[in-house]
Structure formats: structure tokens, C-alpha cells
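Next up, entry.cif (mmCIF, C-alpha atoms and all ligand atoms):
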data_coords
loop_
_atom_site.group_PDB
_atom_site.id
_atom_site.type_symbol
_atom_site.label_atom_id
_atom_site.label_comp_id
_atom_site.auth_asym_id
_atom_site.auth_seq_id
_atom_site.Cartn_x
_atom_site.Cartn_y
_atom_site.Cartn_z
ATOM 1 C CA MET L 1276 25.325 105.209 1.896
ATOM 2 C CA ALA L 1277 24.625 102.837 4.758
ATOM 3 C CA GLN L 1278 22.987 103.840 8.014
ATOM 4 C CA LYS L 1279 25.727 103.057 10.488
ATOM 5 C CA ILE L 1280 24.674 102.040 13.993
ATOM 6 C CA ALA L 1281 27.047 101.522 16.921
ATOM 7 C CA VAL L 1282 25.613 99.218 19.594
ATOM 8 C CA LEU L 1283 27.206 99.916 22.939
ATOM 9 C CA SER L 1284 26.939 99.824 26.697
ATOM 10 C CA GLN L 1285 29.183 100.823 29.514
ATOM 11 C CA LYS L 1286 28.695 97.468 31.215
ATOM 12 C CA GLY L 1287 29.440 93.962 30.025
ATOM 13 C CA GLY L 1288 26.766 91.374 29.360
ATOM 14 C CA THR L 1289 23.905 93.711 28.494
ATOM 15 C CA GLY L 1290 22.991 91.778 25.345
ATOM 16 C CA LYS L 1291 24.796 93.993 22.796
ATOM 17 C CA THR L 1292 26.182 91.181 20.699
ATOM 18 C CA THR L 1293 22.909 89.262 20.738
ATOM 19 C CA ALA L 1294 21.143 92.443 19.652
ATOM 20 C CA VAL L 1295 23.555 93.007 16.756
ATOM 21 C CA ARG L 1296 23.322 89.406 15.661
ATOM 22 C CA THR L 1297 19.545 89.227 15.851
ATOM 23 C CA LEU L 1298 18.842 92.669 14.387
ATOM 24 C CA ALA L 1299 21.113 91.779 11.471
ATOM 25 C CA ASP L 1300 19.005 88.649 10.974
ATOM 26 C CA VAL L 1301 15.690 90.497 11.064
ATOM 27 C CA PHE L 1302 16.863 93.331 8.828
ATOM 28 C CA ARG L 1303 18.213 90.826 6.309
ATOM 29 C CA ARG L 1304 14.917 88.970 6.271
ATOM 30 C CA THR L 1305 13.230 92.236 5.298
ATOM 31 C CA GLY L 1306 15.535 92.401 2.292
ATOM 32 C CA LEU L 1307 18.040 94.922 3.630
ATOM 33 C CA ASP L 1308 21.730 94.420 3.021
ATOM 34 C CA VAL L 1309 23.409 94.386 6.425
ATOM 35 C CA LEU L 1310 27.077 94.351 7.311
ATOM 36 C CA ALA L 1311 27.875 93.381 10.919
ATOM 37 C CA VAL L 1312 31.205 94.540 12.319
ATOM 38 C CA ASP L 1313 32.672 92.793 15.348
ATOM 39 C CA LEU L 1314 34.612 95.425 17.267
ATOM 40 C CA ASP L 1315 35.242 93.323 20.365
ATOM 41 C CA PRO L 1316 38.506 91.366 20.782
ATOM 42 C CA GLN L 1317 36.411 88.636 22.487
ATOM 43 C CA GLY L 1318 35.032 87.887 19.004
ATOM 44 C CA ASN L 1319 31.597 86.869 20.329
ATOM 45 C CA LEU L 1320 29.719 88.264 17.338
ATOM 46 C CA SER L 1321 31.955 86.305 14.994
ATOM 47 C CA ASP L 1322 31.188 83.165 17.024
ATOM 48 C CA TYR L 1323 27.441 83.864 17.083
ATOM 49 C CA PHE L 1324 27.563 84.081 13.286
ATOM 50 C CA ASP L 1325 29.736 80.984 13.147
ATOM 51 C CA VAL L 1326 32.478 82.706 11.163
ATOM 52 C CA ASP L 1327 35.484 80.424 10.618
ATOM 53 C CA PRO L 1328 37.902 81.336 13.463
ATOM 54 C CA GLU L 1329 40.747 81.165 10.928
ATOM 55 C CA ALA L 1330 39.103 83.651 8.549
ATOM 56 C CA THR L 1331 41.402 86.505 7.580
ATOM 57 C CA PRO L 1332 41.699 89.415 7.268
ATOM 58 C CA THR L 1333 39.827 90.537 10.372
ATOM 59 C CA VAL L 1334 38.856 93.910 11.779
ATOM 60 C CA GLY L 1335 42.227 94.004 13.559
ATOM 61 C CA ASP L 1336 43.976 93.938 10.167
ATOM 62 C CA VAL L 1337 41.670 96.660 8.870
ATOM 63 C CA LEU L 1338 42.304 98.959 11.828
ATOM 64 C CA SER L 1339 46.029 98.413 11.751
ATOM 65 C CA GLY L 1340 46.007 99.366 8.071
ATOM 66 C CA SER L 1341 47.139 96.054 6.613
ATOM 67 C CA ALA L 1342 43.812 95.181 4.925
ATOM 68 C CA ARG L 1343 40.872 96.931 3.295
ATOM 69 C CA ALA L 1344 37.458 96.630 4.931
ATOM 70 C CA ARG L 1345 36.023 95.145 1.747
ATOM 71 C CA ASP L 1346 38.443 92.231 1.894
ATOM 72 C CA ALA L 1347 37.608 91.561 5.552
ATOM 73 C CA VAL L 1348 33.899 90.884 4.921
ATOM 74 C CA HIS L 1349 33.164 87.186 5.404
ATOM 75 C CA ASP L 1350 29.497 86.297 4.773
ATOM 76 C CA GLY L 1351 28.307 89.732 5.799
ATOM 77 C CA VAL L 1352 30.511 89.949 8.894
ATOM 78 C CA ILE L 1353 33.830 91.654 9.546
ATOM 79 C CA PRO L 1354 35.074 89.327 12.271
ATOM 80 C CA ALA L 1355 37.319 90.012 15.234
ATOM 81 C CA ASN L 1356 39.688 87.979 17.316
ATOM 82 C CA LEU L 1357 42.311 88.682 19.961
ATOM 83 C CA SER L 1358 44.518 90.414 17.383
ATOM 84 C CA LEU L 1359 42.111 93.334 17.741
ATOM 85 C CA ALA L 1360 43.488 93.956 21.235
ATOM 86 C CA GLU L 1361 46.922 94.363 19.691
ATOM 87 C CA ALA L 1362 45.553 96.623 16.966
ATOM 88 C CA GLU L 1363 43.881 98.770 19.641
ATOM 89 C CA LEU L 1364 47.201 99.214 21.416
ATOM 90 C CA SER L 1365 48.962 100.261 18.232
ATOM 91 C CA MET L 1366 46.115 102.653 17.340
ATOM 92 C CA ALA L 1367 46.511 104.444 20.657
ATOM 93 C CA GLY L 1368 49.784 106.047 19.584
ATOM 94 C CA LYS L 1369 48.570 107.276 16.190
ATOM 95 C CA MET L 1370 47.424 110.703 15.080
ATOM 96 C CA GLY L 1371 43.702 110.650 14.332
ATOM 97 C CA ARG L 1372 43.304 107.447 16.311
ATOM 98 C CA GLU L 1373 39.574 108.070 16.814
ATOM 99 C CA LEU L 1374 38.960 108.302 13.061
ATOM 100 C CA ILE L 1375 40.451 105.003 11.925
ATOM 101 C CA LEU L 1376 37.227 102.968 11.709
ATOM 102 C CA ARG L 1377 35.346 105.841 10.114
ATOM 103 C CA LYS L 1378 37.908 106.046 7.326
ATOM 104 C CA ALA L 1379 38.071 102.271 6.924
ATOM 105 C CA LEU L 1380 34.288 101.882 6.558
ATOM 106 C CA LYS L 1381 34.162 104.353 3.647
ATOM 107 C CA ASP L 1382 35.356 101.418 1.582
ATOM 108 C CA VAL L 1383 32.143 99.428 2.210
ATOM 109 C CA ASP L 1384 29.628 102.167 2.943
ATOM 110 C CA ALA L 1385 28.011 102.138 -0.498
ATOM 111 C CA ASP L 1386 27.623 98.351 -0.547
ATOM 112 C CA HIS L 1387 25.153 98.078 2.348
ATOM 113 C CA ASP L 1388 21.898 99.524 3.653
ATOM 114 C CA ILE L 1389 22.827 99.137 7.309
ATOM 115 C CA ILE L 1390 26.143 98.643 9.090
ATOM 116 C CA LEU L 1391 25.868 97.410 12.691
ATOM 117 C CA VAL L 1392 28.941 97.741 14.883
ATOM 118 C CA ASP L 1393 29.177 95.576 18.004
ATOM 119 C CA CYS L 1394 31.251 97.402 20.621
ATOM 120 C CA PRO L 1395 33.299 95.872 23.438
ATOM 121 C CA PRO L 1396 32.070 96.322 27.034
ATOM 122 C CA ALA L 1397 34.170 99.413 27.723
ATOM 123 C CA LEU L 1398 33.973 103.027 26.686
ATOM 124 C CA GLY L 1399 37.552 103.034 25.381
ATOM 125 C CA LEU L 1400 39.199 103.745 22.043
ATOM 126 C CA LEU L 1401 37.342 101.013 20.113
ATOM 127 C CA THR L 1402 33.940 102.238 21.247
ATOM 128 C CA VAL L 1403 34.981 105.830 20.523
ATOM 129 C CA ASN L 1404 35.991 104.710 17.015
ATOM 130 C CA ALA L 1405 32.544 103.143 16.585
ATOM 131 C CA LEU L 1406 30.827 106.341 17.762
ATOM 132 C CA VAL L 1407 32.900 108.496 15.433
ATOM 133 C CA ALA L 1408 32.159 106.179 12.495
ATOM 134 C CA ALA L 1409 28.429 105.892 13.224
ATOM 135 C CA ASP L 1410 25.359 107.898 12.322
ATOM 136 C CA TRP L 1411 23.485 106.415 15.255
ATOM 137 C CA ALA L 1412 24.185 105.033 18.713
ATOM 138 C CA LEU L 1413 22.004 102.293 20.162
ATOM 139 C CA LEU L 1414 22.440 101.753 23.889
ATOM 140 C CA SER L 1415 21.748 98.367 25.377
ATOM 141 C CA ALA L 1416 20.849 98.404 29.063
ATOM 142 C CA GLU L 1417 20.378 95.265 31.086
ATOM 143 C CA ALA L 1418 17.152 95.335 33.016
ATOM 144 C CA GLN L 1419 18.713 95.958 36.413
ATOM 145 C CA TYR L 1420 18.524 98.686 38.957
ATOM 146 C CA PHE L 1421 22.035 99.843 38.107
ATOM 147 C CA ALA L 1422 21.167 100.140 34.421
ATOM 148 C CA LEU L 1423 20.615 103.848 34.750
ATOM 149 C CA GLN L 1424 24.138 104.508 35.958
ATOM 150 C CA GLY L 1425 25.660 102.697 32.970
ATOM 151 C CA VAL L 1426 23.326 104.448 30.562
ATOM 152 C CA GLU L 1427 24.295 107.841 31.934
ATOM 153 C CA GLN L 1428 27.993 107.117 31.469
ATOM 154 C CA ALA L 1429 27.433 105.886 27.924
ATOM 155 C CA LEU L 1430 25.335 108.973 27.168
ATOM 156 C CA GLN L 1431 28.233 111.154 28.303
ATOM 157 C CA VAL L 1432 30.586 109.407 25.887
ATOM 158 C CA ILE L 1433 28.068 109.876 23.065
ATOM 159 C CA GLU L 1434 27.906 113.558 23.985
ATOM 160 C CA LEU L 1435 31.695 113.802 23.856
ATOM 161 C CA ALA L 1436 31.768 112.229 20.390
ATOM 162 C CA ARG L 1437 29.093 114.667 19.269
ATOM 163 C CA ASP L 1438 30.853 117.694 20.734
ATOM 164 C CA GLY L 1439 34.108 116.732 19.116
ATOM 165 C CA LEU L 1440 34.558 114.512 16.123
ATOM 166 C CA ASN L 1441 31.037 113.508 15.101
ATOM 167 C CA PRO L 1442 28.489 116.314 15.510
ATOM 168 C CA ASP L 1443 25.962 114.387 13.388
ATOM 169 C CA LEU L 1444 25.814 111.397 15.731
ATOM 170 C CA GLN L 1445 22.295 110.747 16.974
ATOM 171 C CA LEU L 1446 20.975 108.554 19.764
ATOM 172 C CA LEU L 1447 18.811 105.931 18.087
ATOM 173 C CA GLY L 1448 17.459 104.680 21.376
ATOM 174 C CA VAL L 1449 18.008 102.945 24.680
ATOM 175 C CA LEU L 1450 17.039 99.281 24.676
ATOM 176 C CA PHE L 1451 15.771 97.666 27.863
ATOM 177 C CA ASN L 1452 17.312 94.260 27.359
ATOM 178 C CA ILE L 1453 17.226 90.849 29.092
ATOM 179 C CA ALA L 1454 14.134 91.923 31.007
ATOM 180 C CA ASP L 1455 11.761 90.017 33.207
ATOM 181 C CA MET L 1456 8.852 92.414 33.345
ATOM 182 C CA ARG L 1457 7.023 90.079 35.728
ATOM 183 C CA THR L 1458 9.265 91.373 38.499
ATOM 184 C CA VAL L 1459 8.659 94.664 40.248
ATOM 185 C CA HIS L 1460 12.421 95.239 40.104
ATOM 186 C CA SER L 1461 12.486 95.257 36.282
ATOM 187 C CA ARG L 1462 9.384 97.391 36.002
ATOM 188 C CA GLU L 1463 10.834 99.957 38.404
ATOM 189 C CA ALA L 1464 14.133 100.013 36.515
ATOM 190 C CA TYR L 1465 12.199 100.548 33.276
ATOM 191 C CA ASP L 1466 10.226 103.416 34.795
ATOM 192 C CA SER L 1467 13.344 105.106 36.138
ATOM 193 C CA LEU L 1468 15.010 104.867 32.720
ATOM 194 C CA ARG L 1469 11.872 106.314 31.139
ATOM 195 C CA GLU L 1470 12.043 109.232 33.546
ATOM 196 C CA HIS L 1471 15.665 109.924 32.646
ATOM 197 C CA VAL L 1472 15.813 109.361 28.909
ATOM 198 C CA GLY L 1473 12.176 109.991 27.981
ATOM 199 C CA ASP L 1474 11.157 108.857 24.532
ATOM 200 C CA LYS L 1475 14.710 107.735 23.765
ATOM 201 C CA LEU L 1476 13.775 104.601 25.709
ATOM 202 C CA LEU L 1477 12.505 102.136 23.124
ATOM 203 C CA ASP L 1478 9.006 100.791 23.665
ATOM 204 C CA THR L 1479 10.114 97.294 22.736
ATOM 205 C CA VAL L 1480 11.560 95.348 25.646
ATOM 206 C CA VAL L 1481 13.615 92.224 24.929
ATOM 207 C CA ARG L 1482 12.500 89.487 27.297
ATOM 208 C CA GLN L 1483 14.954 87.408 29.269
ATOM 209 C CA SER L 1484 15.163 83.737 28.369
ATOM 210 C CA ILE L 1485 17.679 80.948 28.738
ATOM 211 C CA ALA L 1486 16.951 80.171 25.077
ATOM 212 C CA TYR L 1487 19.344 82.984 24.079
ATOM 213 C CA ALA L 1488 22.329 81.213 25.601
ATOM 214 C CA GLU L 1489 21.289 77.982 23.848
ATOM 215 C CA SER L 1490 20.881 79.751 20.529
ATOM 216 C CA ALA L 1491 24.284 81.448 20.898
ATOM 217 C CA GLU L 1492 25.949 78.157 21.719
ATOM 218 C CA ARG L 1493 24.485 76.513 18.627
ATOM 219 C CA ALA L 1494 25.094 79.603 16.466
ATOM 220 C CA VAL L 1495 21.411 79.467 15.474
ATOM 221 C CA SER L 1496 19.449 82.690 15.351
ATOM 222 C CA ILE L 1497 16.796 83.075 18.051
ATOM 223 C CA LEU L 1498 14.411 83.752 15.142
ATOM 224 C CA ASP L 1499 14.753 80.102 14.181
ATOM 225 C CA HIS L 1500 15.526 78.604 17.594
ATOM 226 C CA ARG L 1501 12.553 80.216 19.374
ATOM 227 C CA PRO L 1502 10.426 82.253 16.966
ATOM 228 C CA ASP L 1503 8.048 83.212 19.799
ATOM 229 C CA LEU L 1504 10.910 84.998 21.599
ATOM 230 C CA GLY L 1505 12.357 86.233 18.324
ATOM 231 C CA GLU L 1506 9.171 88.262 17.980
ATOM 232 C CA ASP L 1507 10.720 90.788 20.425
ATOM 233 C CA TYR L 1508 13.488 91.469 17.931
ATOM 234 C CA VAL L 1509 11.050 91.589 15.006
ATOM 235 C CA GLN L 1510 9.191 94.315 16.890
ATOM 236 C CA LEU L 1511 12.404 96.062 17.890
ATOM 237 C CA ALA L 1512 13.642 96.070 14.293
ATOM 238 C CA SER L 1513 10.391 97.569 13.165
ATOM 239 C CA GLU L 1514 10.606 100.303 15.818
ATOM 240 C CA LEU L 1515 14.205 101.055 14.834
ATOM 241 C CA LEU L 1516 13.425 101.150 11.105
ATOM 242 C CA GLY L 1517 10.749 103.725 11.918
ATOM 243 C CA ARG L 1518 13.288 105.847 13.772
ATOM 244 C CA LEU L 1519 15.797 105.423 10.943
ATOM 245 C CA GLY L 1520 13.220 106.536 8.427
ATOM 246 C CA LEU L 1521 13.496 103.206 6.615
ATOM 247 C CA THR L 1522 9.860 102.279 6.318
ATOM 248 C CA SER L 1523 10.010 98.788 4.835
ATOM 249 C CA ALA L 1524 8.127 96.558 7.275
ATOM 250 C CA PRO L 1525 9.857 93.354 8.380
ATOM 251 C CA ARG L 1526 7.515 91.191 6.358
ATOM 252 C CA ALA L 1527 9.988 88.507 5.453
ATOM 253 C CA ALA L 1528 10.809 87.967 9.116
ATOM 254 C CA HIS L 1529 7.134 87.492 9.829
ATOM 255 C CA SER L 1530 6.687 84.937 7.089
ATOM 256 C CA SER L 1531 9.729 82.976 8.272
ATOM 257 C CA ARG L 1532 8.340 83.080 11.797
ATOM 258 C CA THR L 1533 5.006 81.605 10.819
ATOM 259 C CA SER L 1534 6.609 78.883 8.771
ATOM 260 C CA ALA L 1535 9.075 77.857 11.491
ATOM 261 C CA PRO L 1536 8.323 74.666 13.472
HETATM 262 N N1 LIG G 1 17.202 88.369 26.088
HETATM 263 C C1 LIG G 1 18.099 87.591 26.706
HETATM 264 N N2 LIG G 1 17.710 86.771 27.718
HETATM 265 C C2 LIG G 1 18.598 85.998 28.373
HETATM 266 N N3 LIG G 1 19.877 85.927 28.080
HETATM 267 C C3 LIG G 1 20.331 86.710 27.078
HETATM 268 C C4 LIG G 1 19.473 87.581 26.341
HETATM 269 N N4 LIG G 1 20.214 88.218 25.412
HETATM 270 C C5 LIG G 1 21.475 87.776 25.560
HETATM 271 N N5 LIG G 1 21.540 86.864 26.555
HETATM 272 C C6 LIG G 1 22.703 86.119 27.040
HETATM 273 O O1 LIG G 1 23.442 86.958 27.917
HETATM 274 C C7 LIG G 1 24.831 86.754 27.731
HETATM 275 C C8 LIG G 1 25.461 88.084 27.292
HETATM 276 O O2 LIG G 1 24.881 88.446 26.047
HETATM 277 P P1 LIG G 1 25.726 89.186 24.934
HETATM 278 O O3 LIG G 1 26.960 88.440 24.628
HETATM 279 O O4 LIG G 1 24.808 89.498 23.823
HETATM 280 O O5 LIG G 1 26.049 90.516 25.760
HETATM 281 P P2 LIG G 1 27.153 91.618 25.485
HETATM 282 O O6 LIG G 1 26.620 92.882 26.035
HETATM 283 O O7 LIG G 1 27.554 91.606 24.071
HETATM 284 O O8 LIG G 1 28.345 91.058 26.379
HETATM 285 P P3 LIG G 1 29.849 91.655 26.402
HETATM 286 O O9 LIG G 1 29.731 92.925 27.157
HETATM 287 O O10 LIG G 1 30.661 90.608 27.087
HETATM 288 O O11 LIG G 1 30.257 91.881 24.981
HETATM 289 C C9 LIG G 1 24.974 85.667 26.681
HETATM 290 O O12 LIG G 1 25.097 84.442 27.323
HETATM 291 C C10 LIG G 1 23.656 85.735 25.928
HETATM 292 O O13 LIG G 1 23.309 84.498 25.349
HETATM 293 MG MG MG G 2 29.433 91.448 23.234
#
In C-alpha cells, write the structure found in this file.
Amino acid sequence: MAQKIAVLSQKGGTGKTTAVRTLADVFRRTGLDVLAVDLDPQGNLSDYFDVDPEATPTVGDVLSGSARARDAVHDGVIPANLSLAEAELSMAGKMGRELILRKALKDVDADHDIILVDCPPALGLLTVNALVAADWALLSAEAQYFALQGVEQALQVIELARDGLNPDLQLLGVLFNIADMRTVHSREAYDSLREHVGDKLLDTVVRQSIAYAESAERAVSILDHRPDLGEDYVQLASELLGRLGLTSAPRAAHSSRTSAP
């Protein structure tokens, strides 16, 4: 059985997709088998992984019931495109609409150690599906003063999923993402999050750098594009593996880092 992690935020642009992409890279370099699921009709994760835009079936086909999850895996990714928006609309009218992804992933659960689900920037039906399918929720919060507000709303949705359809869902952590800790503003935002979510706030902070946009554009992992920055994600992965009870240290990621130019 895979450990299934939904990566979400109430706001857009908090670094969710970059986190899913890069964590998948680090986990894979430690030898774990990772499936990444793009659950955003924007298809950014599929782009970041450079999946062929024509690849079919996609997650939209899986959720609308016309394909099995297993057949939608392309190089470790179940991609998404705009057809997912259509699938979401058709899901809305179905009985058990919150359970569709959970049922679909049963097909691939045994094949992977970790399944990462990249949610769209809204707390709607797709994100609810991810939370109902997941064992863990990972919240990404952009290092801004308003981060707290978004985190609180996302926490409420997690609570709803737990109260209703997925009592076993656990909060893996809150990630302080795209941070410039040299500014007082970021440090204050971090402290206020710490006050509110306590030790759910992850110790690892992902630093802000323009290199992430470059690496996304080139579909090259930050681990290879800028190994010095990639170190944040190596550390984050290690912290998360500890919380997941998967103790294997990300050794392979370290060795690739030292051998990179
Ligand atoms: N640590 C970082 N520093 C600077 N820029 C970053 C960082 N991480 C991601 N970015 C950039 O911020 C933008 C948004 O990132 P990303 O797509 O990962 O966010 P998202 O939360 O998935 O967005 P959306 O809500 O639209 O799905 C992208 O241009 C990405 O390259
Ligand atoms: Mg995204």
C-alpha cells in the first residue's frame, strides 16, 4: 500500500506543483517508487514533468470512468489537461462524487511506495477528492502575511474530510514555501504560523529563487538545475519521511547533488 499525500493550498501560486514535482524527484532518488497525480486542469505538473501533451488516457478519463488509473500512468505521472475541468463538472452530479479518486487509485495503490497528488488552487470537488483518497495532507503556504488565513481555510476543509468521509486523514505538515527569510515580513509570517499550527509547521523552509521558474520552464528538476537550492527539498523530503515513518535517508539525492556540476 502506498502512502498517499495530497498537496494543497487554498490560494494559487503557493508552490504546490513545484513541491510535488521536486519531492517526487527526491523520493525517487532515495529508491522509492513514486506516482505523481496531476489533479489540476491547468496541467502544470504534467508540464513540469514534460509529459507529452497528447498522452492519453489522463486523470480526466480516469475520473469520468472511461479509463483505469493503471493505464493512465505515463512515466510515473498521471497527467491532466483541460478535459479534467469537464470531468469535474460531470462528477458533480454523481452519487459518491467525493469518493471517485479514492476508488480509482485502488488500482495502483500496491504498485507504489508514495502517491503524491497535486491539487488545483481551490478547495472544491477535486481537492475534496484528493483529501478523501489521501492518508496525509500537506499544506503549502506562501511566505506572506496572508498565509495564515489560507492555511486556516485549508485546515477547515481537512477537518471536514476527516469528520465525514476520511476519518484516518492526517495533517502531514504545513510547508512555509517561497520564503525570503532575510525579510522581517517573512520571519514574522513564519512565527505567526508557528503560533497557530505549532509543530505541524515543518522546520524546513523552501527558499525563494527565480531559479524555480527557470527550472520549470526547462522541465529540469531544481535538483539538477540548482543543486544548492535543491538542498531545501532534500531536507524537506527527509523531514517528511521521518513523519511518514519511512526511515530511508535520501542518500541517492545527496550523491547526485555532489556529483552535479
Ligand atoms: N521556492 C520558489 N521560489 C521562487 N519561485 C518559486 C518557488 N517555488 C515555485 N516557484 C514559482 O512560483 C510559481 C508558482 O509555483 P507552482 O506552480 O509550484 O505553484 P502552485 O501552488 O502549484 O500554483 P497553482 O495554484 O497555480 O497551481 C511558478 O512560477 C514556480 O516556478
Ligand atoms: Mg499547481
- Separation of atom CA of L:Val1282 from atom CA of L:Leu1413 in Å: 4.8 Å
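If all atoms listed in the file are the atoms counted, then among L:Gln1445, L:Thr1292, L:Thr1331, L:Gln1419 the closest residue to L:Ile1280 is L:Gln1445.
Considering all atoms listed in the file, the residue among L:Gly1399, L:Gly1340, L:Pro1328, L:Pro1316 positioned nearest to L:Ala1436 is L:Gly1399.
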Within 7 Å of ligand MG 2 (chain G), which residues of chain L show up? Give each one with its shortest atom-to-atom distance in Å (one decimal) and the two atoms involved, counting only C-alpha atoms and all ligand atoms, rows by chain then rising residue number, as JSON lines.
{"residue": "L:Gly1288", "atom": "CA", "partner": "G:MG2", "partner_atom": "MG", "distance": 6.7}
{"residue": "L:Gly1290", "atom": "CA", "partner": "G:MG2", "partner_atom": "MG", "distance": 6.8}
{"residue": "L:Lys1291", "atom": "CA", "partner": "G:MG2", "partner_atom": "MG", "distance": 5.3}
{"residue": "L:Thr1292", "atom": "CA", "partner": "G:MG2", "partner_atom": "MG", "distance": 4.1}
{"residue": "L:Asp1315", "atom": "CA", "partner": "G:MG2", "partner_atom": "MG", "distance": 6.7}
{"residue": "L:Asn1319", "atom": "CA", "partner": "G:MG2", "partner_atom": "MG", "distance": 5.8}
{"residue": "L:Leu1320", "atom": "CA", "partner": "G:MG2", "partner_atom": "MG", "distance": 6.7}
{"residue": "L:Asp1393", "atom": "CA", "partner": "G:MG2", "partner_atom": "MG", "distance": 6.7}
{"residue": "L:Cys1394", "atom": "CA", "partner": "G:MG2", "partner_atom": "MG", "distance": 6.8}
{"residue": "L:Pro1395", "atom": "CA", "partner": "G:MG2", "partner_atom": "MG", "distance": 5.9}
{"residue": "L:Pro1396", "atom": "CA", "partner": "G:MG2", "partner_atom": "MG", "distance": 6.7}
- Query: Using all atoms listed in the file, what are the residues with an atom within 10 Å of ligand LIG 1 (chain G), set out as a PyMOL selection string?
  - Reply: chain L and resi 1282-1297+1313-1320+1323+1393-1397+1415-1418+1451-1455+1480-1492+1497+1504-1505+1507-1508
Same residues, C-alpha atoms, saved as a CSV table (one decimal), in the frame of the given file:
chain,number,residue,atom,x,y,z
L,1282,VAL,CA,25.6,99.2,19.6
L,1283,LEU,CA,27.2,99.9,22.9
L,1284,SER,CA,26.9,99.8,26.7
L,1285,GLN,CA,29.2,100.8,29.5
L,1286,LYS,CA,28.7,97.5,31.2
L,1287,GLY,CA,29.4,94.0,30.0
L,1288,GLY,CA,26.8,91.4,29.4
L,1289,THR,CA,23.9,93.7,28.5
L,1290,GLY,CA,23.0,91.8,25.3
L,1291,LYS,CA,24.8,94.0,22.8
L,1292,THR,CA,26.2,91.2,20.7
L,1293,THR,CA,22.9,89.3,20.7
L,1294,ALA,CA,21.1,92.4,19.7
L,1295,VAL,CA,23.6,93.0,16.8
L,1296,ARG,CA,23.3,89.4,15.7
L,1297,THR,CA,19.5,89.2,15.9
L,1313,ASP,CA,32.7,92.8,15.3
L,1314,LEU,CA,34.6,95.4,17.3
L,1315,ASP,CA,35.2,93.3,20.4
L,1316,PRO,CA,38.5,91.4,20.8
L,1317,GLN,CA,36.4,88.6,22.5
L,1318,GLY,CA,35.0,87.9,19.0
L,1319,ASN,CA,31.6,86.9,20.3
L,1320,LEU,CA,29.7,88.3,17.3
L,1323,TYR,CA,27.4,83.9,17.1
L,1393,ASP,CA,29.2,95.6,18.0
L,1394,CYS,CA,31.3,97.4,20.6
L,1395,PRO,CA,33.3,95.9,23.4
L,1396,PRO,CA,32.1,96.3,27.0
L,1397,ALA,CA,34.2,99.4,27.7
L,1415,SER,CA,21.7,98.4,25.4
L,1416,ALA,CA,20.8,98.4,29.1
L,1417,GLU,CA,20.4,95.3,31.1
L,1418,ALA,CA,17.2,95.3,33.0
L,1451,PHE,CA,15.8,97.7,27.9
L,1452,ASN,CA,17.3,94.3,27.4
L,1453,ILE,CA,17.2,90.8,29.1
L,1454,ALA,CA,14.1,91.9,31.0
L,1455,ASP,CA,11.8,90.0,33.2
L,1480,VAL,CA,11.6,95.3,25.6
L,1481,VAL,CA,13.6,92.2,24.9
L,1482,ARG,CA,12.5,89.5,27.3
L,1483,GLN,CA,15.0,87.4,29.3
L,1484,SER,CA,15.2,83.7,28.4
L,1485,ILE,CA,17.7,80.9,28.7
L,1486,ALA,CA,17.0,80.2,25.1
L,1487,TYR,CA,19.3,83.0,24.1
L,1488,ALA,CA,22.3,81.2,25.6
L,1489,GLU,CA,21.3,78.0,23.8
L,1490,SER,CA,20.9,79.8,20.5
L,1491,ALA,CA,24.3,81.4,20.9
L,1492,GLU,CA,25.9,78.2,21.7
L,1497,ILE,CA,16.8,83.1,18.1
L,1504,LEU,CA,10.9,85.0,21.6
L,1505,GLY,CA,12.4,86.2,18.3
L,1507,ASP,CA,10.7,90.8,20.4
L,1508,TYR,CA,13.5,91.5,17.9
